[in-house]
Amino acid sequence: MRQAVRRRSSCRLCGGANLARAFSLTATPPANAFVSAAQLREVQPVFPLEVEFCRDCTHLQLGHVVDPRMLFEHYVYVSGTSSVFVRHFEAYAEWLWAFSGAPAGALVVDVGSNDGTLLRAFRNRGASVLGIDPAKRIAAEATRQGIETLAEFLTPQLARRLAAERGRASIVTANNVFAHIDELGAALDAVQELLAPDGVLSFEVSYLLDVLEKTLFDTIYHEHLDYHALRPLIPFLRAHGFEPIEALRVESHGGSLRVLAQRTGGGRSVGPSVPERLQQERGAGLDRLDTYQRFGRRIDALGQELLELLRHLKAEGRRIAGYGAPAKATTLMHHFHIGRDAVEFLIDDSPWKQGLYSPGLHVPVLSPQALDEKRPDYLLLLAWNFAGPIIEKNAAFRERGGKFIVPLPRLEVC
């Protein structure tokens, strides 16, 4: 039987073994391991969340790797349930399609395509599209909805077969995926097989600079093996035949880095965003171990502040529910010890999660209708990166006296 978790002894980007512990968070189950009522008596395994710093190339990564089949084959997150993400991907596709100069009918391949939201936007602009995603149910549903999706992991072998059968892709995207892959070098080699000579690789990842500046520690969970900055990515990309030509900061997931890359020596010039990002990263100390050790202490101080607020409200007899059941909620709730004694239930817009129970802590996930039925006094916004749209959407809750608790980037009650 394949091991559920293993220790990583080398840097995923440079291969060096000169790793140092940056900080640790509370061990959790996989962040999307929601369970049914029938599974509540089963003990869910938890795995370490130990974050390590590479002294050689300054990359930050998790020290343990959970079997990706456990994480992704029964995935329940879908992009299309968030209107914010739909708009983000619409704008992203429009910009990248224009930037690439690809002709009508050109092939766009999205790695980790989820429910096909991004590919649908490309198809609407005249592209031929193909998704690759190991989440079987989601891939099948995306295909049923008209976005052909292969329920597989991207490998060089698969890439060679696709290139032979369908031709090479003008654009390959991989959004919120480059943090998920243990053998990231093999994934880049697969893109080399699949991408046209003048093609563009574009990927978005949660940006380490934003994680530190906004204390976005809850983006640290087992699906996210890497916490990316541009500096260590540059030699890694070059080692696999790519060079970055843009490195843009975007707002998704609380702050992400969008990297555009071409084959080394390609015809596009390097944009000013690349040196700008490198300068910002140096100024923030992303190349120093002590930066992350201080970050760990800051996380604990924030948790104490939130716990004191929740205890105070419960002592007053206030009822508290959580809004959103994203993967990041698993990290936040476990590290800050927020269970059913503090939060009665969670609200989530995704029907894939409604009726299930949160990983490990087993807080029930209900539909938004529960707000009217159960009438909590406070909503802890676990999907805090969508705080604005959530508050606007739930104006009726606020009008009857309900209040929102926004835990990050800083604690607010509104």
# chains A, B, ... in the order shown; residues from 1 in each chain; ligands from 1
call {"tool": "residues_around", "arguments": {"residues": "A:Val84", "least_positions_apart": "3", "cutoff": "9 Å", "atoms": "only C-alpha atoms", "output": "VMD selection string"}}
result
chain A and resid 81 87 to 89 252 386 389
call {"tool": "write_last_selection", "arguments": {"atoms": "C-alpha atoms", "output": "PDB file, in the first residue's frame"}}
result
ATOM      1  CA  THR A  81     -19.632  28.653  -7.348  1.00  0.00           C
ATOM      2  CA  ARG A  87     -15.096  37.386 -13.071  1.00  0.00           C
ATOM      3  CA  HIS A  88     -11.405  36.891 -12.308  1.00  0.00           C
ATOM      4  CA  PHE A  89     -11.074  34.105 -14.855  1.00  0.00           C
ATOM      5  CA  SER A 252      -7.108  36.422  -6.146  1.00  0.00           C
ATOM      6  CA  PHE A 386     -14.446  37.346  -0.208  1.00  0.00           C
ATOM      7  CA  PRO A 389     -19.113  40.257  -1.594  1.00  0.00           C
TER       8      PRO A 389
END
call {"tool": "residues_around", "arguments": {"residues": "A:Ala38", "least_positions_apart": "4", "cutoff": "12 Å", "atoms": "only C-alpha atoms", "output": "list in words"}}
result
Phe34, Glu42, Gly355, Leu356, Tyr357 and His362 of chain A
call {"tool": "residues_around", "arguments": {"residues": "A:Val65", "least_positions_apart": "5", "cutoff": "12 Å", "atoms": "only C-alpha atoms", "output": "list in words"}}
result
Gln3, Ala4, Val5, Arg6, Arg7, Arg8, Ser9, Ser10, Arg12, Pro30, Phe47, Pro48, Leu49, Glu50, Val51, Met70, Leu71, Ala179, His180, Ile181, Asp182, Glu183, Tyr221, His222, Glu223, His224, Leu225 and Asp226 of chain A
call {"tool": "residues_around", "arguments": {"residues": "stretch 324-340 of chain A", "least_positions_apart": "5", "cutoff": "7 Å", "atoms": "only C-alpha atoms", "output": "JSON, numbers by chain"}}
result
{"A": [25, 26, 28, 31, 32, 218, 219, 220, 221, 303, 346, 347, 348, 359, 361, 363, 381, 382, 383]}
call {"tool": "write_last_selection", "arguments": {"atoms": "all heavy atoms", "output": "short mmCIF file (atom, residue, chain, number, x, y, z; two decimals), in the first residue's frame"}}
result
data_model
loop_
_atom_site.label_atom_id
_atom_site.label_comp_id
_atom_site.auth_asym_id
_atom_site.auth_seq_id
_atom_site.Cartn_x
_atom_site.Cartn_y
_atom_site.Cartn_z
N LEU A 25 2.65 24.72 12.15
CA LEU A 25 1.25 24.91 12.49
C LEU A 25 0.69 23.59 13.03
O LEU A 25 1.32 22.54 12.89
CB LEU A 25 0.46 25.36 11.26
CG LEU A 25 0.91 26.67 10.61
CD1 LEU A 25 0.10 26.94 9.34
CD2 LEU A 25 0.79 27.84 11.58
N THR A 26 -0.49 23.64 13.60
CA THR A 26 -1.13 22.44 14.15
C THR A 26 -1.39 21.42 13.04
O THR A 26 -1.86 21.79 11.96
CB THR A 26 -2.45 22.82 14.83
OG1 THR A 26 -2.17 23.77 15.87
CG2 THR A 26 -3.14 21.60 15.43
N THR A 28 -3.26 18.79 10.82
CA THR A 28 -4.67 18.75 10.42
C THR A 28 -4.93 17.57 9.50
O THR A 28 -4.00 17.01 8.92
CB THR A 28 -5.10 20.04 9.68
OG1 THR A 28 -4.55 20.00 8.35
CG2 THR A 28 -4.63 21.30 10.37
N ALA A 31 -7.17 19.35 3.92
CA ALA A 31 -8.03 20.53 4.09
C ALA A 31 -9.40 20.38 3.48
O ALA A 31 -10.35 21.08 3.89
CB ALA A 31 -7.33 21.75 3.51
N ASN A 32 -9.56 19.51 2.49
CA ASN A 32 -10.86 19.31 1.87
C ASN A 32 -11.46 17.93 2.19
O ASN A 32 -12.34 17.46 1.47
CB ASN A 32 -10.75 19.48 0.34
CG ASN A 32 -10.78 20.95 -0.06
OD1 ASN A 32 -11.76 21.64 0.19
ND2 ASN A 32 -9.70 21.42 -0.65
N ASP A 218 -3.40 30.92 6.73
CA ASP A 218 -4.36 29.85 6.49
C ASP A 218 -4.30 29.31 5.06
O ASP A 218 -5.01 28.35 4.73
CB ASP A 218 -5.78 30.29 6.85
CG ASP A 218 -6.24 31.53 6.12
OD1 ASP A 218 -5.40 32.21 5.50
OD2 ASP A 218 -7.45 31.83 6.16
N THR A 219 -3.48 29.91 4.21
CA THR A 219 -3.24 29.32 2.89
C THR A 219 -2.24 28.17 2.97
O THR A 219 -1.93 27.55 1.95
CB THR A 219 -2.72 30.37 1.89
OG1 THR A 219 -1.47 30.88 2.35
CG2 THR A 219 -3.71 31.52 1.74
N ILE A 220 -1.73 27.89 4.17
CA ILE A 220 -0.80 26.80 4.37
C ILE A 220 -1.58 25.55 4.76
O ILE A 220 -2.15 25.47 5.85
CB ILE A 220 0.24 27.14 5.46
CG1 ILE A 220 1.06 28.37 5.03
CG2 ILE A 220 1.15 25.96 5.75
CD1 ILE A 220 1.94 28.95 6.12
N TYR A 221 -1.67 24.60 3.83
CA TYR A 221 -2.29 23.31 4.11
C TYR A 221 -1.69 22.28 3.16
O TYR A 221 -0.87 22.63 2.30
CB TYR A 221 -3.82 23.38 4.03
CG TYR A 221 -4.42 24.12 2.87
CD1 TYR A 221 -4.65 23.49 1.64
CD2 TYR A 221 -4.79 25.46 2.99
CE1 TYR A 221 -5.23 24.16 0.58
CE2 TYR A 221 -5.36 26.14 1.93
CZ TYR A 221 -5.58 25.49 0.73
OH TYR A 221 -6.15 26.17 -0.33
N GLY A 303 -4.02 34.55 16.67
CA GLY A 303 -4.93 33.51 17.14
C GLY A 303 -5.44 33.79 18.54
O GLY A 303 -6.62 33.59 18.84
N LEU A 346 -21.36 25.89 9.69
CA LEU A 346 -20.75 26.66 8.62
C LEU A 346 -21.75 26.82 7.48
O LEU A 346 -22.51 25.90 7.19
CB LEU A 346 -19.50 25.95 8.08
CG LEU A 346 -18.40 25.59 9.08
CD1 LEU A 346 -17.27 24.85 8.38
CD2 LEU A 346 -17.87 26.82 9.79
N ILE A 347 -21.72 27.98 6.85
CA ILE A 347 -22.52 28.24 5.64
C ILE A 347 -21.59 28.18 4.44
O ILE A 347 -20.49 28.76 4.46
CB ILE A 347 -23.16 29.65 5.70
CG1 ILE A 347 -24.15 29.76 6.86
CG2 ILE A 347 -23.81 30.01 4.37
CD1 ILE A 347 -25.40 28.94 6.66
N ASP A 348 -22.00 27.47 3.40
CA ASP A 348 -21.21 27.47 2.17
C ASP A 348 -22.14 27.42 0.97
O ASP A 348 -23.17 26.73 0.99
CB ASP A 348 -20.24 26.29 2.13
CG ASP A 348 -19.12 26.52 1.11
OD1 ASP A 348 -18.09 27.09 1.49
OD2 ASP A 348 -19.30 26.15 -0.05
N PRO A 359 -13.50 18.96 8.02
CA PRO A 359 -12.42 18.01 8.29
C PRO A 359 -11.97 18.02 9.75
O PRO A 359 -11.62 19.06 10.30
CB PRO A 359 -11.29 18.48 7.37
CG PRO A 359 -11.99 19.21 6.26
CD PRO A 359 -13.16 19.87 6.90
N LEU A 361 -12.84 18.47 12.73
CA LEU A 361 -13.64 19.12 13.77
C LEU A 361 -15.13 18.83 13.64
O LEU A 361 -15.89 19.03 14.57
CB LEU A 361 -13.39 20.63 13.75
CG LEU A 361 -11.94 21.03 14.02
CD1 LEU A 361 -11.74 22.52 13.74
CD2 LEU A 361 -11.54 20.69 15.44
N VAL A 363 -17.74 20.20 12.08
CA VAL A 363 -18.76 21.25 12.14
C VAL A 363 -19.65 21.08 10.91
O VAL A 363 -19.14 20.97 9.79
CB VAL A 363 -18.11 22.65 12.15
CG1 VAL A 363 -19.19 23.73 12.24
CG2 VAL A 363 -17.13 22.77 13.31
N LEU A 381 -16.14 35.04 9.17
CA LEU A 381 -15.92 34.88 7.73
C LEU A 381 -14.64 34.08 7.49
O LEU A 381 -13.53 34.62 7.45
CB LEU A 381 -15.83 36.25 7.05
CG LEU A 381 -17.08 37.13 7.17
CD1 LEU A 381 -16.96 38.34 6.26
CD2 LEU A 381 -18.34 36.34 6.85
N LEU A 382 -14.82 32.77 7.34
CA LEU A 382 -13.69 31.90 7.08
C LEU A 382 -13.22 32.03 5.63
O LEU A 382 -12.06 31.76 5.33
CB LEU A 382 -14.07 30.46 7.41
CG LEU A 382 -14.41 30.26 8.89
CD1 LEU A 382 -15.09 28.92 9.12
CD2 LEU A 382 -13.16 30.37 9.75
N ALA A 383 -14.12 32.44 4.75
CA ALA A 383 -13.75 32.81 3.38
C ALA A 383 -13.51 34.32 3.37
O ALA A 383 -14.12 35.08 2.61
CB ALA A 383 -14.83 32.42 2.40
#
call {"tool": "select_by_dssp", "arguments": {"residues": "stretch 48-277 of chain A", "states": "strand (DSSP E)", "output": "ChimeraX atom specification"}}
result
/A:48-54,60-62,64-66,107-111,128-132,149-150,169-175,195-206,226-227,242-250,256-263
call {"tool": "residues_around", "arguments": {"residues": "A:Pro272", "least_positions_apart": "2", "cutoff": "12 Å", "atoms": "only C-alpha atoms", "output": "MDAnalysis selection string"}}
result
chainID A and resid 244:248 269:270 274:279
call {"tool": "atom_distance", "arguments": {"atom1": "atom CA of A:Phe153", "atom2": "atom CA of A:Glu251"}}
result
27.2 Å
call {"tool": "closest_residue", "arguments": {"among": "A:Tyr292, A:Tyr207, A:Tyr323, A:Trp97", "to": "A:Arg249", "atoms": "only C-alpha atoms"}}
result
A:Tyr207
call {"tool": "atom_distance", "arguments": {"atom1": "atom CA of A:Leu130", "atom2": "atom CA of A:Ala169"}}
result
9.6 Å
call {"tool": "residues_around", "arguments": {"residues": "A:Phe236", "least_positions_apart": "3", "cutoff": "10 Å", "atoms": "only C-alpha atoms", "output": "ChimeraX atom specification"}}
result
/A:12-15,57,184-185,188,230-233,239-243
call {"tool": "write_last_selection", "arguments": {"atoms": "C-alpha atoms", "output": "PDB file, in the first residue's frame"}}
result
ATOM      1  CA  ARG A  12      11.592  20.950  -4.415  1.00  0.00           C
ATOM      2  CA  LEU A  13      13.101  23.715  -6.571  1.00  0.00           C
ATOM      3  CA  CYS A  14      16.887  23.438  -6.297  1.00  0.00           C
ATOM      4  CA  GLY A  15      17.218  19.888  -4.965  1.00  0.00           C
ATOM      5  CA  CYS A  57      17.765  29.004  -2.928  1.00  0.00           C
ATOM      6  CA  LEU A 184       7.273  20.054 -10.040  1.00  0.00           C
ATOM      7  CA  GLY A 185      10.236  19.591 -12.362  1.00  0.00           C
ATOM      8  CA  LEU A 188       7.480  21.562 -16.241  1.00  0.00           C
ATOM      9  CA  LEU A 230       9.867  34.868  -7.841  1.00  0.00           C
ATOM     10  CA  ARG A 231      13.540  34.754  -6.811  1.00  0.00           C
ATOM     11  CA  PRO A 232      13.824  30.954  -6.361  1.00  0.00           C
ATOM     12  CA  LEU A 233      11.465  30.320  -9.273  1.00  0.00           C
ATOM     13  CA  ALA A 239      16.745  24.614 -15.370  1.00  0.00           C
ATOM     14  CA  HIS A 240      13.720  23.281 -17.241  1.00  0.00           C
ATOM     15  CA  GLY A 241      14.043  25.420 -20.355  1.00  0.00           C
ATOM     16  CA  PHE A 242      11.805  28.358 -19.451  1.00  0.00           C
ATOM     17  CA  GLU A 243      12.324  32.013 -18.651  1.00  0.00           C
TER      18      GLU A 243
END
call {"tool": "closest_residue", "arguments": {"among": "A:Ile147, A:Val250, A:Leu302, A:Val211", "to": "A:Tyr92", "atoms": "only C-alpha atoms"}}
result
A:Val250
call {"tool": "decode", "arguments": {"residues": "stretch 294-331 of chain A", "atoms": "N, CA and C atoms", "output": "PDB file, in the first residue's frame"}}
result
ATOM      1  N   ARG A 294       9.773  35.011  12.740  1.00  0.00           N
ATOM      2  CA  ARG A 294       8.946  36.100  13.300  1.00  0.00           C
ATOM      3  C   ARG A 294       7.493  35.956  12.852  1.00  0.00           C
ATOM      4  N   PHE A 295       7.290  35.510  11.619  1.00  0.00           N
ATOM      5  CA  PHE A 295       5.945  35.311  11.093  1.00  0.00           C
ATOM      6  C   PHE A 295       5.184  34.278  11.933  1.00  0.00           C
ATOM      7  N   GLY A 296       5.850  33.200  12.320  1.00  0.00           N
ATOM      8  CA  GLY A 296       5.213  32.190  13.162  1.00  0.00           C
ATOM      9  C   GLY A 296       4.738  32.762  14.473  1.00  0.00           C
ATOM     10  N   ARG A 297       5.521  33.637  15.066  1.00  0.00           N
ATOM     11  CA  ARG A 297       5.106  34.264  16.332  1.00  0.00           C
ATOM     12  C   ARG A 297       3.923  35.207  16.120  1.00  0.00           C
ATOM     13  N   ARG A 298       3.893  35.875  14.973  1.00  0.00           N
ATOM     14  CA  ARG A 298       2.782  36.784  14.672  1.00  0.00           C
ATOM     15  C   ARG A 298       1.472  36.018  14.506  1.00  0.00           C
ATOM     16  N   ILE A 299       1.534  34.841  13.901  1.00  0.00           N
ATOM     17  CA  ILE A 299       0.342  34.006  13.737  1.00  0.00           C
ATOM     18  C   ILE A 299      -0.251  33.671  15.097  1.00  0.00           C
ATOM     19  N   ASP A 300       0.581  33.259  16.032  1.00  0.00           N
ATOM     20  CA  ASP A 300       0.091  32.859  17.354  1.00  0.00           C
ATOM     21  C   ASP A 300      -0.551  34.040  18.087  1.00  0.00           C
ATOM     22  N   ALA A 301       0.011  35.222  17.938  1.00  0.00           N
ATOM     23  CA  ALA A 301      -0.571  36.404  18.582  1.00  0.00           C
ATOM     24  C   ALA A 301      -1.949  36.722  18.002  1.00  0.00           C
ATOM     25  N   LEU A 302      -2.098  36.573  16.684  1.00  0.00           N
ATOM     26  CA  LEU A 302      -3.390  36.814  16.043  1.00  0.00           C
ATOM     27  C   LEU A 302      -4.427  35.804  16.512  1.00  0.00           C
ATOM     28  N   GLY A 303      -4.020  34.550  16.667  1.00  0.00           N
ATOM     29  CA  GLY A 303      -4.935  33.514  17.137  1.00  0.00           C
ATOM     30  C   GLY A 303      -5.435  33.794  18.537  1.00  0.00           C
ATOM     31  N   GLN A 304      -4.562  34.258  19.396  1.00  0.00           N
ATOM     32  CA  GLN A 304      -4.969  34.578  20.762  1.00  0.00           C
ATOM     33  C   GLN A 304      -5.999  35.701  20.773  1.00  0.00           C
ATOM     34  N   GLU A 305      -5.809  36.686  19.903  1.00  0.00           N
ATOM     35  CA  GLU A 305      -6.751  37.801  19.817  1.00  0.00           C
ATOM     36  C   GLU A 305      -8.134  37.326  19.365  1.00  0.00           C
ATOM     37  N   LEU A 306      -8.172  36.466  18.350  1.00  0.00           N
ATOM     38  CA  LEU A 306      -9.449  35.963  17.855  1.00  0.00           C
ATOM     39  C   LEU A 306     -10.133  35.088  18.901  1.00  0.00           C
ATOM     40  N   LEU A 307      -9.389  34.212  19.566  1.00  0.00           N
ATOM     41  CA  LEU A 307      -9.978  33.336  20.577  1.00  0.00           C
ATOM     42  C   LEU A 307     -10.571  34.134  21.729  1.00  0.00           C
ATOM     43  N   GLU A 308      -9.901  35.181  22.140  1.00  0.00           N
ATOM     44  CA  GLU A 308     -10.431  36.019  23.225  1.00  0.00           C
ATOM     45  C   GLU A 308     -11.755  36.654  22.826  1.00  0.00           C
ATOM     46  N   LEU A 309     -11.857  37.084  21.573  1.00  0.00           N
ATOM     47  CA  LEU A 309     -13.113  37.668  21.097  1.00  0.00           C
ATOM     48  C   LEU A 309     -14.224  36.621  21.096  1.00  0.00           C
ATOM     49  N   LEU A 310     -13.956  35.448  20.569  1.00  0.00           N
ATOM     50  CA  LEU A 310     -14.985  34.410  20.501  1.00  0.00           C
ATOM     51  C   LEU A 310     -15.430  33.978  21.898  1.00  0.00           C
ATOM     52  N   ARG A 311     -14.492  33.842  22.812  1.00  0.00           N
ATOM     53  CA  ARG A 311     -14.850  33.469  24.192  1.00  0.00           C
ATOM     54  C   ARG A 311     -15.715  34.533  24.840  1.00  0.00           C
ATOM     55  N   HIS A 312     -15.381  35.784  24.598  1.00  0.00           N
ATOM     56  CA  HIS A 312     -16.169  36.890  25.153  1.00  0.00           C
ATOM     57  C   HIS A 312     -17.599  36.859  24.624  1.00  0.00           C
ATOM     58  N   LEU A 313     -17.745  36.659  23.321  1.00  0.00           N
ATOM     59  CA  LEU A 313     -19.080  36.621  22.717  1.00  0.00           C
ATOM     60  C   LEU A 313     -19.890  35.427  23.224  1.00  0.00           C
ATOM     61  N   LYS A 314     -19.239  34.277  23.349  1.00  0.00           N
ATOM     62  CA  LYS A 314     -19.950  33.102  23.859  1.00  0.00           C
ATOM     63  C   LYS A 314     -20.369  33.304  25.304  1.00  0.00           C
ATOM     64  N   ALA A 315     -19.529  33.959  26.089  1.00  0.00           N
ATOM     65  CA  ALA A 315     -19.876  34.236  27.488  1.00  0.00           C
ATOM     66  C   ALA A 315     -21.089  35.155  27.589  1.00  0.00           C
ATOM     67  N   GLU A 316     -21.279  35.989  26.588  1.00  0.00           N
ATOM     68  CA  GLU A 316     -22.452  36.875  26.540  1.00  0.00           C
ATOM     69  C   GLU A 316     -23.696  36.161  26.014  1.00  0.00           C
ATOM     70  N   GLY A 317     -23.539  34.899  25.629  1.00  0.00           N
ATOM     71  CA  GLY A 317     -24.666  34.136  25.098  1.00  0.00           C
ATOM     72  C   GLY A 317     -24.899  34.330  23.616  1.00  0.00           C
ATOM     73  N   ARG A 318     -23.924  34.886  22.902  1.00  0.00           N
ATOM     74  CA  ARG A 318     -24.068  35.108  21.460  1.00  0.00           C
ATOM     75  C   ARG A 318     -23.879  33.797  20.695  1.00  0.00           C
ATOM     76  N   ARG A 319     -24.620  33.656  19.612  1.00  0.00           N
ATOM     77  CA  ARG A 319     -24.502  32.482  18.744  1.00  0.00           C
ATOM     78  C   ARG A 319     -23.651  32.846  17.537  1.00  0.00           C
ATOM     79  N   ILE A 320     -22.697  31.969  17.230  1.00  0.00           N
ATOM     80  CA  ILE A 320     -21.717  32.256  16.171  1.00  0.00           C
ATOM     81  C   ILE A 320     -21.751  31.129  15.146  1.00  0.00           C
ATOM     82  N   ALA A 321     -21.798  31.504  13.891  1.00  0.00           N
ATOM     83  CA  ALA A 321     -21.657  30.551  12.779  1.00  0.00           C
ATOM     84  C   ALA A 321     -20.477  30.990  11.923  1.00  0.00           C
ATOM     85  N   GLY A 322     -19.981  30.082  11.107  1.00  0.00           N
ATOM     86  CA  GLY A 322     -18.919  30.426  10.167  1.00  0.00           C
ATOM     87  C   GLY A 322     -19.498  30.593   8.779  1.00  0.00           C
ATOM     88  N   TYR A 323     -18.922  31.497   8.003  1.00  0.00           N
ATOM     89  CA  TYR A 323     -19.367  31.657   6.610  1.00  0.00           C
ATOM     90  C   TYR A 323     -18.226  31.258   5.703  1.00  0.00           C
ATOM     91  N   GLY A 324     -18.491  30.240   4.893  1.00  0.00           N
ATOM     92  CA  GLY A 324     -17.490  29.694   3.992  1.00  0.00           C
ATOM     93  C   GLY A 324     -16.850  28.456   4.601  1.00  0.00           C
ATOM     94  N   ALA A 325     -16.638  27.457   3.751  1.00  0.00           N
ATOM     95  CA  ALA A 325     -15.926  26.243   4.171  1.00  0.00           C
ATOM     96  C   ALA A 325     -14.784  25.980   3.202  1.00  0.00           C
ATOM     97  N   PRO A 326     -13.925  26.992   2.957  1.00  0.00           N
ATOM     98  CA  PRO A 326     -12.798  26.789   2.049  1.00  0.00           C
ATOM     99  C   PRO A 326     -11.719  25.949   2.712  1.00  0.00           C
ATOM    100  N   ALA A 327     -10.763  25.508   1.921  1.00  0.00           N
ATOM    101  CA  ALA A 327      -9.666  24.710   2.469  1.00  0.00           C
ATOM    102  C   ALA A 327      -8.934  25.463   3.571  1.00  0.00           C
ATOM    103  N   LYS A 328      -8.783  26.767   3.403  1.00  0.00           N
ATOM    104  CA  LYS A 328      -8.030  27.548   4.383  1.00  0.00           C
ATOM    105  C   LYS A 328      -8.681  27.529   5.759  1.00  0.00           C
ATOM    106  N   ALA A 329      -9.998  27.289   5.818  1.00  0.00           N
ATOM    107  CA  ALA A 329     -10.685  27.237   7.108  1.00  0.00           C
ATOM    108  C   ALA A 329     -10.175  26.081   7.957  1.00  0.00           C
ATOM    109  N   THR A 330      -9.760  24.995   7.327  1.00  0.00           N
ATOM    110  CA  THR A 330      -9.251  23.846   8.075  1.00  0.00           C
ATOM    111  C   THR A 330      -8.009  24.238   8.866  1.00  0.00           C
ATOM    112  N   THR A 331      -7.082  24.939   8.225  1.00  0.00           N
ATOM    113  CA  THR A 331      -5.873  25.386   8.922  1.00  0.00           C
ATOM    114  C   THR A 331      -6.208  26.348  10.035  1.00  0.00           C
TER     115      THR A 331
END
